file start_21.txt (compact mmCIF, C-alpha atoms)
# COMPACT_ATOMS: atom_id res chain seq x y z
CA MET A 1 84.36 39.00 -64.17
CA ALA A 2 83.00 37.39 -67.28
CA GLY A 3 80.67 34.45 -66.72
CA PHE A 4 82.55 31.17 -66.44
CA THR A 5 80.00 28.72 -67.83
CA ARG A 6 79.91 25.32 -69.45
CA ARG A 7 78.36 26.87 -72.55
CA ARG A 8 81.16 29.38 -72.93
CA LEU A 9 83.85 26.72 -72.66
CA ILE A 10 82.20 24.24 -75.00
CA ALA A 11 80.47 26.13 -77.73
CA THR A 12 82.61 28.34 -79.94
CA THR A 13 84.70 25.83 -81.87
CA GLY A 14 82.34 25.97 -84.83
CA ILE A 15 82.60 29.75 -85.22
CA ILE A 16 86.37 29.96 -85.07
CA GLY A 17 87.10 26.65 -86.76
CA VAL A 18 85.17 27.45 -89.94
CA ALA A 19 86.69 30.90 -90.23
CA LEU A 20 90.24 29.70 -89.75
CA SER A 21 89.87 26.82 -92.17
CA LEU A 22 88.46 29.14 -94.83
CA GLY A 23 91.26 31.63 -94.29
CA ALA A 24 94.12 29.18 -93.93
CA CYS A 25 95.62 29.98 -97.31
CA GLY A 26 96.00 33.64 -96.45
CA MET A 27 97.18 33.59 -92.87
CA GLY A 28 100.75 34.71 -93.42
CA GLY A 29 102.37 31.33 -93.96
CA SER A 30 101.50 29.79 -90.61
CA THR A 31 103.26 26.51 -89.95
CA PRO A 32 101.74 23.19 -88.89
CA ALA A 33 101.57 22.60 -85.15
CA SER A 34 104.23 19.89 -85.31
CA THR A 35 106.84 22.27 -86.76
CA GLN A 36 106.22 25.41 -84.74
CA GLY A 37 109.13 27.22 -83.11
CA THR A 38 109.95 26.21 -79.56
CA GLY A 39 110.23 29.62 -77.97
CA SER A 40 113.05 28.33 -75.80
CA THR A 41 114.37 30.81 -73.24
CA ASP A 42 117.85 29.23 -73.19
CA SER A 43 119.35 31.76 -75.60
CA GLY A 44 120.08 34.46 -72.99
CA GLU A 45 118.48 37.43 -71.24
CA LEU A 46 114.97 38.44 -72.17
CA SER A 47 114.35 41.74 -73.90
CA GLY A 48 111.86 43.48 -76.15
CA GLU A 49 108.09 43.84 -76.15
CA ILE A 50 105.07 41.54 -76.32
CA THR A 51 101.29 41.87 -75.98
CA TYR A 52 99.24 39.98 -73.39
CA GLN A 53 95.48 39.69 -73.97
CA THR A 54 92.84 38.69 -71.41
CA TRP A 55 89.10 38.16 -71.78
CA SER A 56 86.68 40.48 -69.99
CA LEU A 57 88.87 41.02 -66.94
CA LYS A 58 89.49 44.76 -67.06
CA ASN A 59 87.51 46.12 -64.13
CA GLU A 60 87.89 47.49 -60.60
CA ARG A 61 88.57 44.05 -59.12
CA PHE A 62 91.12 42.68 -61.58
CA THR A 63 92.85 45.65 -63.23
CA PRO A 64 95.19 46.28 -60.26
CA TYR A 65 96.16 42.59 -60.30
CA PHE A 66 97.18 42.64 -63.97
CA GLU A 67 98.98 45.96 -63.66
CA GLY A 68 100.93 44.51 -60.71
CA LEU A 69 101.63 41.28 -62.59
CA VAL A 70 103.12 43.15 -65.54
CA ALA A 71 105.13 45.48 -63.31
CA ALA A 72 106.58 42.55 -61.34
CA PHE A 73 107.68 40.75 -64.49
CA GLN A 74 109.26 43.86 -65.95
CA ASP A 75 111.09 44.55 -62.70
CA GLU A 76 112.50 41.02 -62.75
CA ASN A 77 113.43 41.35 -66.43
CA PRO A 78 114.78 44.84 -67.15
CA GLY A 79 114.53 45.75 -70.80
CA THR A 80 111.20 44.01 -71.33
CA THR A 81 107.81 45.57 -71.97
CA ILE A 82 104.50 43.74 -71.57
CA LYS A 83 101.50 45.50 -73.10
CA TRP A 84 98.35 44.25 -71.39
CA THR A 85 95.12 44.47 -73.36
CA ASP A 86 91.67 43.15 -72.54
CA GLN A 87 88.78 42.33 -74.85
CA PRO A 88 85.09 42.52 -73.86
CA GLY A 89 83.21 39.30 -73.15
CA ASP A 90 80.78 39.72 -76.05
CA GLY A 91 82.23 39.01 -79.45
CA TYR A 92 85.51 37.57 -78.16
CA ALA A 93 85.35 34.59 -80.51
CA ASP A 94 85.00 36.90 -83.50
CA LYS A 95 87.82 39.12 -82.24
CA VAL A 96 90.23 36.21 -81.84
CA MET A 97 89.23 34.94 -85.28
CA GLN A 98 90.02 38.32 -86.82
CA GLN A 99 93.37 38.50 -85.04
CA ALA A 100 94.32 34.99 -86.14
CA THR A 101 93.34 35.37 -89.79
CA ALA A 102 95.27 38.65 -89.95
CA SER A 103 98.33 37.06 -88.30
CA GLN A 104 97.94 39.54 -85.44
CA LEU A 105 97.27 37.17 -82.58
CA PRO A 106 98.62 38.62 -79.30
CA ASP A 107 101.87 37.02 -78.18
CA VAL A 108 100.25 35.67 -75.01
CA ILE A 109 96.49 35.16 -75.06
CA ASN A 110 93.72 33.97 -72.75
CA VAL A 111 91.74 31.30 -74.64
CA PRO A 112 89.66 28.33 -73.46
CA PRO A 113 90.36 24.87 -74.93
CA ASP A 114 87.85 25.10 -77.77
CA PHE A 115 89.43 28.32 -79.07
CA ALA A 116 92.89 26.79 -78.64
CA PHE A 117 91.89 23.72 -80.63
CA SER A 118 90.96 25.71 -83.72
CA LEU A 119 93.96 28.01 -83.39
CA ALA A 120 96.38 25.10 -82.94
CA GLU A 121 94.83 23.24 -85.87
CA ALA A 122 95.57 26.29 -88.00
CA GLY A 123 99.18 26.41 -86.76
CA LYS A 124 98.61 29.57 -84.74
CA LEU A 125 99.73 28.39 -81.29
CA MET A 126 103.11 27.39 -79.92
CA ASP A 127 103.47 23.75 -78.90
CA LEU A 128 104.30 24.22 -75.21
CA ARG A 129 105.40 20.61 -74.82
CA LYS A 130 107.96 21.09 -77.55
CA ALA A 131 108.97 24.44 -76.10
CA ASP A 132 109.40 23.34 -72.47
CA ALA A 133 107.94 19.93 -71.63
CA GLU A 134 109.19 20.02 -68.03
CA ALA A 135 107.23 23.19 -67.25
CA LEU A 136 103.93 21.37 -67.89
CA ASP A 137 104.53 19.13 -64.88
CA ALA A 138 103.55 22.00 -62.57
CA TYR A 139 99.97 22.12 -63.83
CA THR A 140 96.98 19.89 -63.10
CA GLU A 141 96.82 16.89 -65.40
CA GLY A 142 93.23 17.49 -66.44
CA GLY A 143 94.01 21.11 -67.22
CA VAL A 144 96.99 20.21 -69.39
CA GLN A 145 95.00 17.50 -71.17
CA ALA A 146 92.31 20.06 -71.97
CA TYR A 147 94.81 21.68 -74.34
CA GLU A 148 95.96 18.42 -75.98
CA PHE A 149 93.74 17.40 -78.84
CA ASP A 150 92.81 14.16 -80.57
CA GLY A 151 94.88 13.65 -83.71
CA MET A 152 97.24 16.54 -82.97
CA GLU A 153 100.68 16.34 -81.40
CA GLY A 154 101.56 18.90 -78.75
CA SER A 155 100.16 20.88 -75.84
CA PHE A 156 98.74 24.32 -76.51
CA GLY A 157 97.83 26.06 -73.27
CA TYR A 158 98.74 26.49 -69.62
CA PRO A 159 95.74 25.93 -67.31
CA TRP A 160 95.02 29.21 -65.55
CA TYR A 161 91.75 29.30 -63.62
CA LEU A 162 89.52 26.25 -63.33
CA GLY A 163 86.13 25.16 -62.11
CA THR A 164 84.38 21.96 -61.18
CA ASP A 165 81.21 20.93 -59.33
CA LEU A 166 80.15 19.30 -56.09
CA ASN A 167 76.95 17.56 -55.11
CA TRP A 168 74.74 19.60 -52.77
CA TRP A 169 72.03 17.96 -50.66
CA ASN A 170 69.02 19.18 -48.68
CA THR A 171 69.43 16.96 -45.62
CA LYS A 172 66.06 17.96 -44.13
CA ALA A 173 64.30 16.53 -47.18
CA PHE A 174 66.14 13.26 -46.64
CA THR A 175 64.95 13.12 -43.03
CA ASP A 176 61.40 14.17 -43.89
CA PHE A 177 60.96 11.50 -46.55
CA GLY A 178 62.49 8.41 -45.01
CA LEU A 179 66.10 8.62 -46.14
CA ASP A 180 69.24 8.81 -44.03
CA PRO A 181 71.14 12.12 -44.41
CA GLU A 182 74.19 10.30 -43.05
CA LYS A 183 74.07 7.95 -46.06
CA LEU A 184 73.89 10.32 -49.01
CA PRO A 185 74.35 8.71 -52.46
CA THR A 186 77.94 8.00 -53.46
CA THR A 187 77.20 5.93 -56.59
CA LEU A 188 74.83 6.27 -59.52
CA ASP A 189 72.96 3.17 -58.34
CA GLU A 190 72.33 4.74 -54.94
CA MET A 191 71.29 7.98 -56.58
CA PHE A 192 68.58 6.33 -58.65
CA GLU A 193 67.30 4.17 -55.80
CA GLN A 194 67.06 7.06 -53.38
CA SER A 195 65.38 9.18 -56.06
CA LYS A 196 62.62 6.59 -56.32
CA THR A 197 62.26 6.41 -52.57
CA MET A 198 62.01 10.16 -52.10
CA ALA A 199 59.42 10.59 -54.84
CA LYS A 200 57.34 7.73 -53.46
CA ASN A 201 57.51 8.77 -49.81
CA SER A 202 56.70 12.39 -50.61
CA ASN A 203 53.80 11.46 -52.90
CA GLY A 204 55.53 13.31 -55.73
CA LYS A 205 56.01 16.53 -53.75
CA MET A 206 59.80 16.31 -53.42
CA PHE A 207 62.29 14.97 -55.91
CA LEU A 208 65.96 14.16 -55.78
CA MET A 209 67.16 14.10 -59.39
CA SER A 210 65.87 16.86 -61.62
CA SER A 211 67.86 17.07 -64.83
CA ALA A 212 68.12 15.13 -68.05
CA PRO A 213 71.54 13.60 -68.75
CA GLY A 214 74.05 14.99 -71.21
CA ILE A 215 77.32 13.73 -72.55
CA ALA A 216 79.05 14.76 -69.31
CA GLU A 217 76.90 12.23 -67.44
CA PHE A 218 77.76 9.55 -70.00
CA TYR A 219 81.45 10.31 -69.57
CA ALA A 220 81.22 10.29 -65.78
CA ALA A 221 79.69 6.83 -66.02
CA GLY A 222 82.59 5.53 -68.10
CA SER A 223 81.39 5.99 -71.66
CA PRO A 224 83.88 7.14 -74.31
CA LEU A 225 82.73 10.25 -76.15
CA PHE A 226 85.16 10.80 -79.03
CA ALA A 227 87.71 8.44 -80.54
CA ASP A 228 89.66 8.21 -83.80
CA GLY A 229 88.12 11.41 -85.10
CA GLU A 230 84.48 10.46 -84.44
CA PHE A 231 81.86 10.80 -81.72
CA VAL A 232 81.08 7.46 -80.08
CA PHE A 233 78.77 8.29 -77.17
CA ASN A 234 76.12 5.84 -78.42
CA SER A 235 78.00 3.18 -76.47
CA ALA A 236 76.43 0.47 -74.34
CA GLU A 237 77.44 2.40 -71.20
CA ALA A 238 75.75 5.59 -72.38
CA VAL A 239 72.59 3.78 -73.48
CA LYS A 240 72.35 2.18 -70.05
CA VAL A 241 72.66 5.55 -68.32
CA LEU A 242 70.05 7.18 -70.54
CA GLN A 243 67.64 4.27 -70.08
CA ARG A 244 67.82 4.71 -66.32
CA TYR A 245 66.79 8.35 -66.70
CA VAL A 246 64.00 7.31 -69.08
CA ASP A 247 62.70 4.82 -66.53
CA LEU A 248 62.99 7.24 -63.63
CA TYR A 249 61.00 9.90 -65.46
CA ALA A 250 58.37 7.36 -66.53
CA GLU A 251 57.95 6.31 -62.89
CA GLY A 252 57.17 9.88 -61.87
CA ALA A 253 60.38 10.18 -59.87
CA MET A 254 61.54 13.33 -61.68
CA PRO A 255 59.69 16.68 -61.83
CA PRO A 256 57.82 17.42 -65.06
CA GLU A 257 59.78 20.69 -65.44
CA VAL A 258 62.79 18.66 -66.58
CA LEU A 259 61.41 18.28 -70.11
CA GLN A 260 59.68 21.66 -70.37
CA SER A 261 61.05 24.52 -72.42
CA THR A 262 60.92 26.77 -69.34
CA TYR A 263 63.26 24.51 -67.35
CA LEU A 264 66.05 26.59 -65.79
CA GLY A 265 68.16 23.82 -64.30
CA ASN A 266 68.33 21.82 -61.10
CA SER A 267 69.94 24.67 -59.16
CA GLN A 268 66.86 26.85 -59.55
CA LEU A 269 64.56 24.04 -58.43
CA TYR A 270 66.87 23.46 -55.47
CA LEU A 271 66.75 27.12 -54.46
CA GLN A 272 62.95 26.93 -54.70
CA GLY A 273 62.86 23.94 -52.35
CA LYS A 274 61.36 21.63 -54.99
CA VAL A 275 64.26 19.17 -55.20
CA ALA A 276 66.77 17.83 -52.68
CA TRP A 277 69.88 17.66 -54.86
CA THR A 278 71.80 19.92 -57.21
CA ASN A 279 75.29 20.19 -58.57
CA GLY A 280 77.19 23.43 -58.32
CA SER A 281 80.44 25.19 -57.58
CA ALA A 282 81.81 26.85 -54.46
CA SER A 283 79.63 29.90 -55.11
CA LEU A 284 76.40 28.02 -54.32
CA PRO A 285 76.53 28.79 -50.57
CA LYS A 286 76.42 32.50 -51.38
CA ASP A 287 73.35 32.03 -53.61
CA LEU A 288 71.65 29.94 -50.92
CA ALA A 289 72.36 32.46 -48.18
CA GLU A 290 70.90 35.25 -50.29
CA GLN A 291 67.94 33.49 -51.88
CA ALA A 292 67.04 30.53 -49.65
CA PRO A 293 68.50 30.93 -46.13
CA SER A 294 66.34 28.18 -44.63
CA ILE A 295 67.63 25.70 -47.23
CA SER A 296 71.17 26.97 -46.73
CA GLU A 297 71.05 25.86 -43.10
CA VAL A 298 70.36 22.23 -44.04
CA THR A 299 72.57 21.95 -47.14
CA VAL A 300 75.77 19.90 -47.20
CA PRO A 301 78.22 19.26 -50.07
CA THR A 302 79.89 16.01 -51.11
CA PRO A 303 82.24 15.11 -54.00
CA ARG A 304 80.74 14.47 -57.42
CA ILE A 305 79.73 10.94 -58.35
CA GLY A 306 81.95 9.54 -61.10
CA THR A 307 84.49 11.67 -62.96
CA PRO A 308 84.27 15.30 -61.80
CA PRO A 309 83.73 17.72 -64.69
CA LEU A 310 86.44 20.28 -65.37
CA PHE A 311 85.90 23.77 -66.78
CA VAL A 312 89.07 25.50 -67.96
CA GLN A 313 90.43 28.88 -68.90
CA GLY A 314 94.06 29.01 -69.98
CA ILE A 315 96.92 30.99 -71.42
CA SER A 316 98.41 30.19 -74.84
CA VAL A 317 101.37 31.53 -76.78
CA ALA A 318 101.18 32.65 -80.39
CA ALA A 319 103.29 30.58 -82.78
CA GLU A 320 103.94 33.67 -84.89
CA SER A 321 105.19 35.78 -81.99
CA LYS A 322 108.18 37.90 -83.02
CA ASN A 323 109.60 37.42 -79.52
CA PRO A 324 108.78 33.80 -78.66
CA ALA A 325 111.26 33.51 -75.79
CA LEU A 326 109.76 36.49 -73.99
CA ALA A 327 106.21 35.34 -74.74
CA LEU A 328 106.87 31.87 -73.33
CA ALA A 329 108.60 33.27 -70.24
CA PHE A 330 105.73 35.64 -69.51
CA ALA A 331 103.07 32.95 -70.06
CA GLN A 332 104.85 30.76 -67.51
CA PHE A 333 105.20 33.69 -65.11
CA ALA A 334 101.52 34.66 -65.38
CA THR A 335 100.49 31.07 -64.62
CA ASN A 336 103.08 30.16 -61.99
CA ASN A 337 101.84 28.94 -58.63
CA ASP A 338 102.18 32.20 -56.72
CA ASN A 339 100.48 34.31 -59.36
CA GLN A 340 97.67 31.80 -59.84
CA VAL A 341 97.03 31.74 -56.09
CA GLU A 342 96.84 35.53 -55.97
CA PHE A 343 94.45 35.56 -58.91
CA VAL A 344 91.94 33.10 -57.44
CA LYS A 345 92.00 34.98 -54.15
CA LEU A 346 90.22 37.64 -56.21
CA ALA A 347 88.27 35.20 -58.42
CA GLN A 348 86.86 33.39 -55.40
CA GLY A 349 85.20 30.07 -56.08
CA PHE A 350 87.57 29.22 -58.92
CA LEU A 351 90.64 27.04 -58.58
CA PRO A 352 94.25 27.54 -59.67
CA GLY A 353 95.65 25.52 -62.54
CA THR A 354 98.72 24.34 -60.61
CA LYS A 355 99.09 21.08 -58.72
CA LEU A 356 100.81 22.72 -55.76
CA ALA A 357 98.01 25.17 -55.06
CA ASN A 358 95.31 22.50 -55.19
CA GLU A 359 97.36 20.29 -52.88
CA ASN A 360 97.49 23.24 -50.45
CA PRO A 361 94.06 24.89 -50.81
CA GLU A 362 94.54 27.00 -47.68
CA SER A 363 96.90 29.11 -49.78
CA PHE A 364 93.84 30.62 -51.48
CA THR A 365 90.79 29.59 -49.43
CA ASP A 366 92.01 31.53 -46.38
CA ALA A 367 91.06 34.68 -48.29
CA ILE A 368 87.40 33.56 -48.57
CA GLU A 369 85.31 35.12 -45.80
CA ASP A 370 82.29 32.80 -46.16
CA PRO A 371 83.27 29.62 -44.26
CA ASN A 372 80.86 27.44 -46.26
CA MET A 373 82.31 28.69 -49.53
CA ALA A 374 85.85 28.16 -48.23
CA GLU A 375 85.10 24.56 -47.25
CA ALA A 376 83.47 23.94 -50.61
CA ALA A 377 86.55 25.29 -52.39
CA LYS A 378 88.71 22.83 -50.42
CA LEU A 379 86.47 19.95 -51.51
CA LEU A 380 86.70 21.16 -55.10
CA ALA A 381 90.49 21.31 -54.88
CA ALA A 382 90.54 17.72 -53.62
CA GLN A 383 88.74 16.69 -56.84
CA MET A 384 91.30 18.31 -59.13
CA PRO A 385 93.55 15.24 -59.55
CA ASP A 386 90.59 13.35 -61.06
CA ALA A 387 88.68 16.15 -62.82
CA GLU A 388 88.58 16.08 -66.60
CA VAL A 389 86.95 18.06 -69.37
CA ALA A 390 84.06 15.89 -70.50
CA ALA A 391 82.87 17.52 -73.71
CA PRO A 392 85.30 17.15 -76.63
CA VAL A 393 86.32 20.48 -78.15
CA GLN A 394 84.69 19.32 -81.42
CA PHE A 395 81.28 19.29 -79.67
CA THR A 396 79.58 22.47 -80.88
CA ASP A 397 76.55 24.35 -79.63
CA ALA A 398 74.44 22.93 -82.46
CA MET A 399 75.55 19.39 -81.62
CA ASP A 400 74.69 19.94 -77.96
CA THR A 401 71.23 21.26 -78.85
CA TYR A 402 70.47 18.36 -81.19
CA THR A 403 71.75 15.78 -78.71
CA GLN A 404 69.60 17.19 -75.91
CA GLN A 405 66.57 17.12 -78.22
CA GLN A 406 67.08 13.40 -78.84
CA ILE A 407 67.60 12.72 -75.14
CA THR A 408 64.38 14.61 -74.36
CA ALA A 409 62.54 12.56 -76.99
CA ALA A 410 63.77 9.35 -75.37
CA MET A 411 62.67 10.47 -71.92
CA ARG A 412 59.22 11.29 -73.31
CA GLY A 413 59.02 7.80 -74.79
CA ASP A 414 59.16 8.91 -78.43
CA LEU A 415 62.47 7.11 -79.14
CA SER A 416 64.39 4.26 -77.60
CA ALA A 417 67.54 5.23 -75.71
CA GLN A 418 69.67 3.51 -78.37
CA ASP A 419 67.90 5.24 -81.26
CA ALA A 420 68.20 8.62 -79.55
CA LEU A 421 71.94 8.32 -79.09
CA ASP A 422 72.45 6.80 -82.54
CA LYS A 423 70.71 9.80 -84.08
CA ALA A 424 72.70 12.23 -81.96
CA VAL A 425 76.03 10.61 -82.81
CA LYS A 426 75.19 10.53 -86.53
CA TYR A 427 74.30 14.22 -86.48
CA CYS A 428 77.50 15.13 -84.66
CA ASN A 429 79.70 13.11 -87.00
CA ASP A 430 77.89 14.45 -90.08
CA ASN A 431 78.59 17.97 -88.89
CA LEU A 432 82.27 17.63 -88.03
CA PRO A 433 84.32 20.14 -90.02
CA SER A 434 86.04 18.48 -92.96
call {"tool": "encode", "arguments": {"input": "start_21.txt", "output": "structure tokens"}}
result
Amino acid sequence: MAGFTRRRLIATTGIIGVALSLGACGMGGSTPASTQGTGSTDSGELSGEITYQTWSLKNERFTPYFEGLVAAFQDENPGTTIKWTDQPGDGYADKVMQQATASQLPDVINVPPDFAFSLAEAGKLMDLRKADAEALDAYTEGGVQAYEFDGMEGSFGYPWYLGTDLNWWNTKAFTDFGLDPEKLPTTLDEMFEQSKTMAKNSNGKMFLMSSAPGIAEFYAAGSPLFADGEFVFNSAEAVKVLQRYVDLYAEGAMPPEVLQSTYLGNSQLYLQGKVAWTNGSASLPKDLAEQAPSISEVTVPTPRIGTPPLFVQGISVAAESKNPALALAFAQFATNNDNQVEFVKLAQGFLPGTKLANENPESFTDAIEDPNMAEAAKLLAAQMPDAEVAAPVQFTDAMDTYTQQQITAAMRGDLSAQDALDKAVKYCNDNLPS
């Protein structure tokens, strides 16, 4: 299965957005999002042919699932043909761009929110709220919101498979360095205080926090990120959060690796036994069991502090489909509760995009053999009602890189927290596509 990472779900808007805006005059007369056809299925029986495209999911594990999915739909709807195609992971953004500019977008297509944003902006996706508003009620609120964009009316994707994170704690380190493993941090205040205590009591040999903040941390702490067409994460709330990280690093309560170019993330330091906290998904127990069994034995998960982050893959419908009723019906079928549950039984560690499945996690966690992973998946499902996509779809790779550079400069003491975020916000707004 293709890697399901934050980077992949945040970073490609710039590539697709520029290409679509440059080619908008020659895209076959695409209509604005607000006037797209509804694709209503009320006109009668379904018939005809459509194409369904997934992203890097054609392999021994998933191919039988998709072949069965298509066969089941066709059996239920005689006279229909669904042609399933799959595109490799590498170059998918370019492939979708080419399809869109040539007015050859597949009728039903797997795209994350950032792809969907650019496609919808160019009038290439069906407004699913206009097509069938009631159907959206079945999906998680955060997942639906991920496909609804600032300044644009409509909803442009059905949440399909989702991810979020938990906190993971090395309880032995808490005991060894004077902290109570029965009172793990549940607020940002507690997190910072216990970080100071652990660093002090271990004489700088064990740390709790081990990552610089990003805009997701600002959002989790209550800071707005994007409003009225502009980035606004230089807010008082965000400055306060960043200043706390600056102070913590200056006090020696974070490992020096955090600001080094070789830093690989808090999960690697956790696996190495250098830090007592990391964030991660339901797959972390498997990594611990394989790479750090002694740490695995003393690790416990808890819900994320603040707003849980949400990572989303979804299914959209092409506005220019020649068979919109069939395309809409199949998109809903592919993402209905039963089919989502069966999919995540194979894609273990991910979560379905439907409310019902996350309210009844045993429907998919019973298929997970690792009991620690199964329990983690249940905790993740419990976070789904509150989980939200933190990074705006307008936040590109280049913006992320520049923002992290300014945050690093602040933590080193080269800039104030306010100046760092002011510079980052200015850069991001200066580089928004016109």
call {"tool": "closest_residue", "arguments": {"input": "start_21.txt", "among": "A:Ser56, A:Val425, A:Leu264, A:Pro361", "to": "Glu375 (chain A)", "atoms": "all atoms listed in the file"}}
result
A:Pro361
call {"tool": "residues_around", "arguments": {"input": "start_21.txt", "residues": "Gly222 (chain A)", "least_positions_apart": "4", "cutoff": "12 Å", "atoms": "only C-alpha atoms", "output": "list of chain:residue names"}}
result
A:Leu188, A:Ile215, A:Ala216, A:Glu217, A:Phe218, A:Phe233, A:Ser235, A:Ala236, A:Glu237, A:Ala238, A:Val239, A:Lys240, A:Val241, A:Ile305, A:Gly306, A:Thr307, A:Pro308, A:Ala390
call {"tool": "residues_around", "arguments": {"input": "start_21.txt", "residues": "region 284-298 of chain A", "least_positions_apart": "2", "cutoff": "12 Å", "atoms": "all atoms listed in the file", "output": "ChimeraX atom specification"}}
result
/A:165-175,181,267-282,300-301,348-349,368-377
call {"tool": "residues_around", "arguments": {"input": "start_21.txt", "residues": "region 399-416 of chain A", "least_positions_apart": "2", "cutoff": "9 Å", "atoms": "all atoms listed in the file", "output": "list in words"}}
result
Ala11, Ala212, Pro213, Gly214, Ile215, Leu242, Gln243, Tyr245, Val246, Asp247, Leu248, Tyr249, Ala250, Val258, Leu259, Phe395, Thr396, Asp397, Gln418, Asp419, Ala420, Leu421, Lys423, Ala424, Val425, Tyr427, Cys428 and Asn431 of chain A
call {"tool": "closest_residue", "arguments": {"input": "start_21.txt", "among": "A:Glu342, A:Thr197, A:Pro78, A:Tyr158", "to": "Asp176 (chain A)", "atoms": "all atoms listed in the file"}}
result
A:Thr197
call {"tool": "residues_around", "arguments": {"input": "start_21.txt", "residues": "Gly314 (chain A)", "least_positions_apart": "5", "cutoff": "8 Å", "atoms": "all atoms listed in the file", "output": "count of residues only"}}
result
9
call {"tool": "atom_distance", "arguments": {"input": "start_21.txt", "atom1": "CA of Thr51 (chain A)", "atom2": "CA of Ala138 (chain A)"}}
result
24.1 Å
call {"tool": "atom_distance", "arguments": {"input": "start_21.txt", "atom1": "CA of Met191 (chain A)", "atom2": "CA of Pro303 (chain A)"}}
result
13.3 Å
call {"tool": "closest_residue", "arguments": {"input": "start_21.txt", "among": "A:Thr63, A:Thr354, A:Thr80, A:Asn203", "to": "Ile50 (chain A)", "atoms": "only C-alpha atoms"}}
result
A:Thr80
call {"tool": "atom_distance", "arguments": {"input": "start_21.txt", "atom1": "CA of Arg61 (chain A)", "atom2": "CA of Phe364 (chain A)"}}
result
16.3 Å
call {"tool": "residues_around", "arguments": {"input": "start_21.txt", "residues": "Ala382 (chain A)", "least_positions_apart": "3", "cutoff": "8 Å", "atoms": "all atoms listed in the file", "output": "list in words"}}
result
Asn358, Glu359, Lys378, Leu379 and Pro385 of chain A
call {"tool": "decode", "arguments": {"input": "start_21.txt", "residues": "region 107-142 of chain A", "atoms": "C-alpha atoms", "output": "CSV table (one decimal), in the first residue's frame"}}
result
chain,number,residue,atom,x,y,z
A,107,ASP,CA,-15.5,9.3,-13.5
A,108,VAL,CA,-14.7,8.2,-9.9
A,109,ILE,CA,-11.2,9.0,-8.6
A,110,ASN,CA,-9.2,8.6,-5.4
A,111,VAL,CA,-7.8,12.0,-4.5
A,112,PRO,CA,-6.7,13.5,-1.1
A,113,PRO,CA,-8.1,16.9,-0.1
A,114,ASP,CA,-5.3,19.0,-1.6
A,115,PHE,CA,-5.8,17.4,-5.0
A,116,ALA,CA,-9.5,17.8,-4.7
A,117,PHE,CA,-9.1,21.5,-3.8
A,118,SER,CA,-7.3,22.3,-7.0
A,119,LEU,CA,-9.6,20.2,-9.1
A,120,ALA,CA,-12.8,21.7,-7.6
A,121,GLU,CA,-11.4,25.2,-8.0
A,122,ALA,CA,-11.0,24.4,-11.7
A,123,GLY,CA,-14.6,23.1,-11.9
A,124,LYS,CA,-13.5,19.5,-12.4
A,125,LEU,CA,-15.3,17.8,-9.5
A,126,MET,CA,-19.0,17.2,-8.8
A,127,ASP,CA,-20.4,19.1,-5.8
A,128,LEU,CA,-21.5,16.1,-3.7
A,129,ARG,CA,-23.6,18.3,-1.4
A,130,LYS,CA,-25.6,19.6,-4.3
A,131,ALA,CA,-25.8,16.1,-5.8
A,132,ASP,CA,-27.0,14.3,-2.6
A,133,ALA,CA,-26.6,16.3,0.6
A,134,GLU,CA,-28.3,13.6,2.8
A,135,ALA,CA,-25.6,11.0,1.8
A,136,LEU,CA,-22.9,13.1,3.4
A,137,ASP,CA,-24.4,12.6,6.9
A,138,ALA,CA,-23.0,9.0,6.9
A,139,TYR,CA,-19.4,10.2,6.9
A,140,THR,CA,-17.2,11.6,9.7
A,141,GLU,CA,-17.6,15.3,10.1
A,142,GLY,CA,-13.9,16.0,9.9
